[in-house]
Amino acid sequence: MSKLQTPSNPLFGATPEQLRDIVIDYLCHNCYTNTARAFVKDSSVRQLDADGDEVISSVDEQLNEDEEITEEFLKQVERRQEIRRCILAGNVDDATDLIHKHFPSILPDTSSPEVGSDNSTVVASPPPSDLRYLSATSVDPMHLSLNLRILAFTEACRTIPLEYPADIKLTVKWDSSSSIRLQGEDDPKYLEQQVVLLQKLQKLYAYVQTLPNAADGALYMKELEHVSGLLAYKVPEKSSMSKYLSMERREAVADQINRAILQKLGKAPISSVELYTRYTHILWELANQSGINSRPGVMLPPVPRTSSPIPSKSDNESQVVPNFDLKQLLDLKP
């Protein structure tokens, strides 16, 4: 959220309001909209009337008190969540339809927008910040479209349903027609399906050839060579090509699409708490590698129990600051 991305907000000594914003930012970034609504309600400043009684506000009124946490904003978060759920469930076509409907600018414009669809999404300039995270994956519309199409192809090659995370609250119906590939090669339906898959693959090769960058084209051609190997097996899940049918492949595409949507909305691709954690980790790691000594009175990150204990305060002058270990910090008992 923009409040947390301005240079004037310190990373240390944060005010209660800033800490509240960090929590809300984390919940919204990870699409926990119901929890975000409950947190906004419970953490809002309570207003008292002349008699000292609390004035009860509706959830919508409490949401509107936050500059960016409105009901419309949370609905937008829920759209991102539904797209992610569709991809994780292997329903790539449904996810693509949702993207074209709600966030059309992140994919190439292949058709005119539907009448009445929500096309309010625009490319927003990211807020000014001295602390910014750049997406590690491409947000180019053609790359995103290709990754979705390649994932759709691999899902069409699937013969065994993939167990998806239990928290995906989406009705997923397994298409039993894909199991036709388990039948004999002389079966007309099996051959028909193979022809359909070959046509999909040919379209992918044709799409890759339209990429303006030769290096990108070569990279995707290599990827297509790999995934095309799925056609050589009746049950690719039990072959050496099974890695192309893993949940990790779905998650990678879902994460890339989510980051692209956030960037188009002018949001950071990761939550503020993750950004601050990475920033803190790098600072302490650089200080440790540079041999910087700690100063008296400075609170140092916890060190693993297997490491040598930190010298006493009188020895601080010769003590190099340790690295920041998030797990070690979280494991500390209050």
# chains A, B, ... in the order shown; residues from 1 in each chain; ligands from 1
>>> residues_around(residues="A:Gln256", least_positions_apart="2", cutoff="8 Å", atoms="only C-alpha atoms", output="PyMOL selection string")
chain A and resi 137-139+144+252-254+258-260
>>> residues_around(residues="A:Ser246", least_positions_apart="4", cutoff="12 Å", atoms="only C-alpha atoms", output="list of chain:residue names")
A:Leu88, A:Ala89, A:Gly90, A:Leu151, A:Thr154, A:Glu155, A:Arg158, A:Ile160, A:Pro161, A:Leu162, A:Glu163, A:Tyr164, A:Pro236, A:Glu237, A:Lys238, A:Ser240, A:Met241, A:Ser242, A:Arg250, A:Glu251, A:Ala252, A:Val253
>>> write_last_selection(atoms="C-alpha atoms", output="PDB file, in the first residue's frame")
ATOM      1  CA  LEU A  88      -3.899 -23.883  -9.254  1.00  0.00           C
ATOM      2  CA  ALA A  89      -6.848 -26.130 -10.067  1.00  0.00           C
ATOM      3  CA  GLY A  90      -5.686 -26.518 -13.667  1.00  0.00           C
ATOM      4  CA  LEU A 151       0.221 -24.608 -19.081  1.00  0.00           C
ATOM      5  CA  THR A 154       0.275 -29.584 -20.431  1.00  0.00           C
ATOM      6  CA  GLU A 155      -3.033 -29.797 -18.563  1.00  0.00           C
ATOM      7  CA  ARG A 158      -2.837 -34.906 -18.215  1.00  0.00           C
ATOM      8  CA  ILE A 160      -4.224 -38.548 -13.854  1.00  0.00           C
ATOM      9  CA  PRO A 161      -5.879 -35.845 -11.715  1.00  0.00           C
ATOM     10  CA  LEU A 162      -3.433 -33.739  -9.717  1.00  0.00           C
ATOM     11  CA  GLU A 163      -4.147 -33.162  -6.064  1.00  0.00           C
ATOM     12  CA  TYR A 164      -4.446 -29.452  -5.495  1.00  0.00           C
ATOM     13  CA  PRO A 236       2.979 -38.951 -18.910  1.00  0.00           C
ATOM     14  CA  GLU A 237       2.552 -38.701 -15.116  1.00  0.00           C
ATOM     15  CA  LYS A 238       4.509 -41.967 -14.825  1.00  0.00           C
ATOM     16  CA  SER A 240      10.393 -38.854 -17.055  1.00  0.00           C
ATOM     17  CA  MET A 241       8.289 -35.906 -18.263  1.00  0.00           C
ATOM     18  CA  SER A 242       6.133 -35.870 -15.120  1.00  0.00           C
ATOM     19  CA  ARG A 250       0.838 -24.263 -11.808  1.00  0.00           C
ATOM     20  CA  GLU A 251       2.105 -22.253  -8.844  1.00  0.00           C
ATOM     21  CA  ALA A 252       4.822 -20.576 -10.929  1.00  0.00           C
ATOM     22  CA  VAL A 253       2.298 -19.369 -13.513  1.00  0.00           C
TER      23      VAL A 253
END
>>> closest_residue(among="A:Leu204, A:Thr159, A:Pro188, A:Glu71", to="A:Ser239", atoms="only C-alpha atoms")
A:Thr159
>>> decode(residues="stretch 272-284 of chain A", atoms="C-alpha atoms", output="PDB file, in the first residue's frame")
ATOM      1  CA  SER A 272       5.373  -4.817   2.583  1.00  0.00           C
ATOM      2  CA  VAL A 273       6.302  -7.177   5.397  1.00  0.00           C
ATOM      3  CA  GLU A 274       8.121  -9.450   2.932  1.00  0.00           C
ATOM      4  CA  LEU A 275       9.857  -6.458   1.364  1.00  0.00           C
ATOM      5  CA  TYR A 276      10.983  -5.187   4.779  1.00  0.00           C
ATOM      6  CA  THR A 277      12.175  -8.672   5.745  1.00  0.00           C
ATOM      7  CA  ARG A 278      14.264  -8.988   2.583  1.00  0.00           C
ATOM      8  CA  TYR A 279      15.632  -5.479   3.070  1.00  0.00           C
ATOM      9  CA  THR A 280      16.619  -6.258   6.671  1.00  0.00           C
ATOM     10  CA  HIS A 281      18.215  -9.562   5.657  1.00  0.00           C
ATOM     11  CA  ILE A 282      20.347  -7.908   2.962  1.00  0.00           C
ATOM     12  CA  LEU A 283      21.445  -5.073   5.254  1.00  0.00           C
ATOM     13  CA  TRP A 284      22.685  -7.408   7.986  1.00  0.00           C
TER      14      TRP A 284
END
